[in-house]
>>> print(open('start.cif').read())   # mmCIF, C-alpha atoms and all ligand atoms
data_upload
#
loop_
_atom_site.group_PDB
_atom_site.id
_atom_site.type_symbol
_atom_site.label_atom_id
_atom_site.label_comp_id
_atom_site.auth_asym_id
_atom_site.auth_seq_id
_atom_site.Cartn_x
_atom_site.Cartn_y
_atom_site.Cartn_z
ATOM 1 C CA MET A 1 226.228 -73.929 146.624
ATOM 2 C CA TYR A 2 229.195 -71.618 146.455
ATOM 3 C CA VAL A 3 229.745 -69.596 143.304
ATOM 4 C CA ARG A 4 232.770 -67.492 142.676
ATOM 5 C CA MET A 5 233.107 -65.482 139.514
ATOM 6 C CA THR A 6 236.560 -64.210 138.809
ATOM 7 C CA VAL A 7 239.007 -63.190 136.152
ATOM 8 C CA LEU A 8 242.218 -64.997 135.395
ATOM 9 C CA THR A 9 244.365 -62.617 137.382
ATOM 10 C CA ASP A 10 242.448 -63.574 140.529
ATOM 11 C CA PHE A 11 242.081 -67.242 139.707
ATOM 12 C CA THR A 12 245.317 -68.328 141.303
ATOM 13 C CA GLU A 13 244.051 -66.942 144.591
ATOM 14 C CA MET A 14 241.598 -69.749 145.275
ATOM 15 C CA ASP A 15 239.432 -69.298 148.326
ATOM 16 C CA GLU A 16 240.983 -71.402 151.069
ATOM 17 C CA GLY A 17 238.792 -74.205 152.374
ATOM 18 C CA LYS A 18 236.215 -73.915 149.606
ATOM 19 C CA HIS A 19 235.179 -76.860 147.489
ATOM 20 C CA TYR A 20 234.772 -76.129 143.810
ATOM 21 C CA ASP A 21 232.347 -78.387 141.949
ATOM 22 C CA VAL A 22 233.013 -77.016 138.502
ATOM 23 C CA CYS A 23 234.876 -74.281 136.686
ATOM 24 C CA VAL A 24 233.384 -72.557 133.638
ATOM 25 C CA ALA A 25 235.998 -70.763 131.559
ATOM 26 C CA ILE A 26 235.013 -68.369 128.787
ATOM 27 C CA GLY A 27 237.458 -66.111 126.973
ATOM 28 C CA PRO A 28 240.534 -66.223 124.769
ATOM 29 C CA MET A 29 241.867 -69.708 124.041
ATOM 30 C CA ILE A 30 245.209 -68.995 125.675
ATOM 31 C CA MET A 31 243.428 -68.011 128.891
ATOM 32 C CA MET A 32 241.247 -71.120 128.834
ATOM 33 C CA LYS A 33 244.312 -73.270 128.211
ATOM 34 C CA PHE A 34 246.025 -72.034 131.359
ATOM 35 C CA VAL A 35 242.827 -72.234 133.404
ATOM 36 C CA THR A 36 242.466 -75.901 132.445
ATOM 37 C CA ILE A 37 246.087 -76.600 133.355
ATOM 38 C CA LEU A 38 245.398 -75.216 136.842
ATOM 39 C CA THR A 39 242.015 -76.893 137.302
ATOM 40 C CA LYS A 40 243.378 -80.225 136.131
ATOM 41 C CA LYS A 41 246.027 -80.014 138.829
ATOM 42 C CA LEU A 42 243.320 -79.130 141.366
ATOM 43 C CA GLU A 43 240.989 -81.849 139.988
ATOM 44 C CA ILE A 44 238.161 -79.395 139.281
ATOM 45 C CA PRO A 45 235.937 -80.385 136.334
ATOM 46 C CA THR A 46 236.136 -77.578 133.789
ATOM 47 C CA VAL A 47 233.831 -76.535 130.983
ATOM 48 C CA VAL A 48 235.269 -74.291 128.296
ATOM 49 C CA SER A 49 233.390 -72.358 125.654
ATOM 50 C CA MET A 50 235.405 -72.666 122.476
ATOM 51 C CA ASN A 51 235.412 -69.736 120.094
ATOM 52 C CA PRO A 52 237.308 -70.785 116.962
ATOM 53 C CA ILE A 53 236.717 -69.167 113.589
ATOM 54 C CA MET A 54 233.334 -70.250 112.265
ATOM 55 C CA VAL A 55 232.271 -69.880 108.637
ATOM 56 C CA ASP A 56 228.992 -71.677 108.016
ATOM 57 C CA GLY A 57 228.017 -72.744 111.524
ATOM 58 C CA THR A 58 226.489 -75.966 110.221
ATOM 59 C CA GLY A 59 229.326 -78.464 110.643
ATOM 60 C CA MET A 60 230.101 -78.522 106.922
ATOM 61 C CA CYS A 61 232.944 -76.059 106.336
ATOM 62 C CA GLY A 62 235.336 -77.451 108.959
ATOM 63 C CA ALA A 63 236.611 -74.057 110.022
ATOM 64 C CA CYS A 64 235.835 -74.691 113.680
ATOM 65 C CA ARG A 65 237.385 -78.153 113.771
ATOM 66 C CA LEU A 66 238.866 -79.126 117.143
ATOM 67 C CA MET A 67 240.423 -82.191 118.694
ATOM 68 C CA VAL A 68 238.670 -83.099 121.938
ATOM 69 C CA GLY A 69 239.692 -86.259 123.721
ATOM 70 C CA GLY A 70 241.443 -87.427 120.570
ATOM 71 C CA GLU A 71 238.294 -87.073 118.458
ATOM 72 C CA VAL A 72 237.457 -84.544 115.759
ATOM 73 C CA LYS A 73 234.729 -82.176 116.928
ATOM 74 C CA PHE A 74 233.182 -79.085 115.388
ATOM 75 C CA ALA A 75 232.545 -76.253 117.823
ATOM 76 C CA CYS A 76 229.490 -75.054 115.901
ATOM 77 C CA VAL A 77 227.532 -78.296 116.110
ATOM 78 C CA ASP A 78 229.236 -80.353 118.835
ATOM 79 C CA GLY A 79 229.818 -77.430 121.205
ATOM 80 C CA PRO A 80 230.774 -74.788 121.792
ATOM 81 C CA GLU A 81 231.073 -76.122 125.356
ATOM 82 C CA PHE A 82 233.523 -78.953 125.925
ATOM 83 C CA ASP A 83 235.372 -80.656 128.747
ATOM 84 C CA GLY A 84 238.333 -78.305 128.995
ATOM 85 C CA HIS A 85 240.665 -81.054 130.142
ATOM 86 C CA LEU A 86 240.161 -82.880 126.845
ATOM 87 C CA VAL A 87 240.581 -79.977 124.409
ATOM 88 C CA ASP A 88 243.833 -79.760 122.436
ATOM 89 C CA PHE A 89 244.310 -76.010 122.872
ATOM 90 C CA ASP A 90 247.696 -75.917 121.156
ATOM 91 C CA LEU A 91 246.215 -77.379 117.978
ATOM 92 C CA ALA A 92 243.161 -75.101 118.170
ATOM 93 C CA MET A 93 245.327 -71.995 118.496
ATOM 94 C CA LYS A 94 247.603 -73.172 115.673
ATOM 95 C CA ARG A 95 244.553 -73.620 113.417
ATOM 96 C CA GLN A 96 243.348 -70.117 114.317
ATOM 97 C CA GLN A 97 246.656 -68.685 113.128
ATOM 98 C CA MET A 98 246.674 -70.735 109.925
ATOM 99 C CA TYR A 99 243.241 -69.442 108.962
ATOM 100 C CA LYS A 100 244.659 -65.968 108.550
ATOM 101 C CA THR A 101 246.271 -66.774 105.190
ATOM 102 C CA GLU A 102 245.164 -68.548 102.024
ATOM 103 C CA GLU A 103 248.281 -70.721 102.240
ATOM 104 C CA GLY A 104 247.373 -71.746 105.757
ATOM 105 C CA ARG A 105 243.819 -72.606 104.761
ATOM 106 C CA ALA A 106 245.134 -74.627 101.809
ATOM 107 C CA LEU A 107 247.498 -76.535 104.090
ATOM 108 C CA LEU A 108 244.652 -77.335 106.469
ATOM 109 C CA ARG A 109 242.570 -78.607 103.554
ATOM 110 C CA TYR A 110 245.481 -80.789 102.461
ATOM 111 C CA GLN A 111 246.255 -82.135 105.944
ATOM 112 C CA GLU A 112 242.727 -82.638 107.223
ATOM 113 C CA GLY A 113 240.962 -83.743 104.071
ATOM 114 C CA ALA A 114 237.269 -84.427 104.472
ATOM 115 C CA THR A 115 237.275 -83.457 108.136
ATOM 116 C CA HIS A 116 238.456 -79.997 107.171
ATOM 117 C CA HIS A 117 235.685 -79.366 104.711
ATOM 118 C CA GLY A 118 232.446 -81.210 104.285
ATOM 119 C CA GLY A 119 231.606 -79.424 101.053
ATOM 120 C CA CYS A 120 228.932 -76.849 101.860
ATOM 121 C CA GLY A 121 229.504 -75.320 98.421
ATOM 122 C CA HIS A 122 229.287 -71.751 99.677
ATOM 123 C CA CYS A 123 232.694 -70.767 100.984
ATOM 124 C CA GLY A 124 234.853 -72.177 98.176
ATOM 125 C CA GLY A 125 236.764 -74.440 100.554
ATOM 126 C CA ASP A 126 235.757 -77.525 98.601
ATOM 127 C CA LYS A 127 237.465 -76.377 95.392
HETATM 128 S S1 LIG B 201 231.658 -73.277 111.370
HETATM 129 FE FE1 LIG B 201 231.726 -75.231 112.246
HETATM 130 S S2 LIG B 201 232.038 -76.562 110.582
HETATM 131 FE FE2 LIG B 201 231.846 -74.603 109.725
#
>>> encode(input="start.cif", output="structure tokens")
Amino acid sequence: MYVRMTVLTDFTEMDEGKHYDVCVAIGPMIMMKFVTILTKKLEIPTVVSMNPIMVDGTGMCGACRLMVGGEVKFACVDGPEFDGHLVDFDLAMKRQQMYKTEEGRALLRYQEGATHHGGCGHCGGDK
């Protein structure tokens, strides 16, 4: 088994002649997005560790909602590791930004309905 640990700045310098079984990417979403673009091109299976905003960590508040392979997933209960080639990073990063304001959170509640908030009753998101 060959293991290479690296940072993004070195990642484009793949070791010539080496076979990579899997890539594990952990870090900022924008970094993981570009790692998965590269590994998809190189056909390297890639696991990402998603780190969206989490509120209750029980799958009820919806704060960590992601789209993975076209399905709604919650990083706190379904992950946080996912197949990086299936994660909608653009949507995940957009949601992260929207969570910074009350208006953004309200829009997410409106757009995502029950999948945004399961009604934990603690964070006020169900009101
Ligand atoms: S933190 Fe995952 S649903 Fe609330």
>>> atom_distance(input="start.cif", atom1="CA of Pro45 (chain A)", atom2="CA of Val22 (chain A)")
5.0 Å
>>> atom_distance(input="start.cif", atom1="CA of Leu66 (chain A)", atom2="CA of Pro52 (chain A)")
8.5 Å
>>> closest_residue(input="start.cif", among="A:Gly79, A:Lys41, A:Leu108, A:Tyr20", to="Lys94 (chain A)", atoms="only C-alpha atoms")
A:Leu108
>>> residues_around(input="start.cif", residues="Ala25 (chain A)", least_positions_apart="5", cutoff="12 Å", atoms="only C-alpha atoms", output="PyMOL selection string")
chain A and resi 5-8+11+30-39+44-51+80-85
>>> residues_around(input="start.cif", residues="Leu86 (chain A)", least_positions_apart="6", cutoff="9 Å", atoms="only C-alpha atoms", output="PyMOL selection string")
chain A and resi 67-70
>>> resolve_selection(input="start.cif", expression="the PyMOL selection byres (((not hetatm)) within 8 of (chain B and resi 201))", output="MDAnalysis selection string")
chainID A and resid 53:65 74:77 117:118
>>> atom_distance(input="start.cif", atom1="CA of Phe89 (chain A)", atom2="CA of Glu112 (chain A)")
17.1 Å
>>> axis_aligned_box(input="start.cif", around="region 79-94 of chain A", padding_each_side="3 Å", output="AutoDock Vina command-line options")
--center_x 238.8 --center_y -77.4 --center_z 122.9 --size_x 23.9 --size_y 16.9 --size_z 20.5
>>> decode(input="start.cif", residues="region 36-119 of chain A", atoms="C-alpha atoms", output="compact mmCIF listing (two decimals), in the first residue's frame")
# COMPACT_ATOMS: atom_id res chain seq x y z
CA THR A 36 -12.81 16.29 -6.25
CA ILE A 37 -12.70 17.97 -9.66
CA LEU A 38 -9.11 16.75 -10.07
CA THR A 39 -9.69 13.26 -8.67
CA LYS A 40 -12.78 12.79 -10.82
CA LYS A 41 -10.68 13.53 -13.88
CA LEU A 42 -8.06 11.06 -12.64
CA GLU A 43 -10.76 8.50 -11.69
CA ILE A 44 -9.62 8.29 -8.06
CA PRO A 45 -12.42 7.50 -5.59
CA THR A 46 -12.59 10.39 -3.13
CA VAL A 47 -13.99 10.65 0.37
CA VAL A 48 -14.67 14.13 1.71
CA SER A 49 -15.39 15.13 5.28
CA MET A 50 -18.11 17.74 5.13
CA ASN A 51 -18.06 20.49 7.71
CA PRO A 52 -21.22 22.58 7.25
CA ILE A 53 -22.75 24.60 10.06
CA MET A 54 -24.32 22.25 12.58
CA VAL A 55 -26.83 23.34 15.21
CA ASP A 56 -28.32 20.33 16.97
CA GLY A 57 -26.27 17.49 15.52
CA THR A 58 -29.27 15.16 15.59
CA GLY A 59 -30.65 15.48 12.06
CA MET A 60 -33.58 17.63 13.19
CA CYS A 61 -32.57 21.26 12.64
CA GLY A 62 -31.54 20.93 8.99
CA ALA A 63 -28.61 23.29 9.30
CA CYS A 64 -26.17 20.77 7.85
CA ARG A 65 -28.38 19.80 4.92
CA LEU A 66 -26.47 18.75 1.79
CA MET A 67 -27.31 17.37 -1.62
CA VAL A 68 -25.32 14.20 -2.30
CA GLY A 69 -26.02 12.29 -5.48
CA GLY A 70 -29.25 14.21 -5.89
CA GLU A 71 -30.52 13.20 -2.44
CA VAL A 72 -30.94 15.28 0.70
CA LYS A 73 -28.42 14.25 3.34
CA PHE A 74 -27.56 15.66 6.75
CA ALA A 75 -23.86 15.77 7.53
CA CYS A 76 -24.44 15.22 11.25
CA VAL A 77 -26.28 11.92 10.93
CA ASP A 78 -25.57 10.69 7.38
CA GLY A 79 -21.90 11.73 7.35
CA PRO A 80 -19.80 13.64 7.73
CA GLU A 81 -17.93 11.50 5.19
CA PHE A 82 -19.40 11.29 1.70
CA ASP A 83 -18.40 10.33 -1.81
CA GLY A 84 -16.83 13.60 -2.88
CA HIS A 85 -17.80 13.11 -6.50
CA LEU A 86 -21.48 13.17 -5.54
CA VAL A 87 -21.51 16.22 -3.25
CA ASP A 88 -23.02 19.45 -4.59
CA PHE A 89 -20.30 21.74 -3.23
CA ASP A 90 -21.70 24.88 -4.85
CA LEU A 91 -25.02 24.43 -3.05
CA ALA A 92 -23.29 23.57 0.24
CA MET A 93 -21.14 26.70 0.10
CA LYS A 94 -24.15 28.83 -0.85
CA ARG A 95 -26.05 27.49 2.18
CA GLN A 96 -23.07 28.28 4.42
CA GLN A 97 -23.20 31.90 3.29
CA MET A 98 -26.97 32.15 3.72
CA TYR A 99 -26.74 30.97 7.31
CA LYS A 100 -24.90 34.13 8.24
CA THR A 101 -28.06 36.26 8.21
CA GLU A 102 -31.58 35.89 9.58
CA GLU A 103 -32.93 36.67 6.11
CA GLY A 104 -30.85 33.90 4.62
CA ARG A 105 -32.02 31.41 7.23
CA ALA A 106 -35.63 32.45 6.61
CA LEU A 107 -35.19 31.96 2.86
CA LEU A 108 -33.76 28.49 3.43
CA ARG A 109 -36.73 27.63 5.64
CA TYR A 110 -39.08 28.85 2.92
CA GLN A 111 -37.30 27.06 0.06
CA GLU A 112 -36.49 23.78 1.78
CA GLY A 113 -39.55 23.33 3.96
CA ALA A 114 -39.53 20.23 6.11
CA THR A 115 -36.10 19.16 4.90
CA HIS A 116 -34.67 22.40 6.25
CA HIS A 117 -36.04 21.95 9.72
CA GLY A 118 -37.42 18.86 11.33
CA GLY A 119 -38.73 20.75 14.35
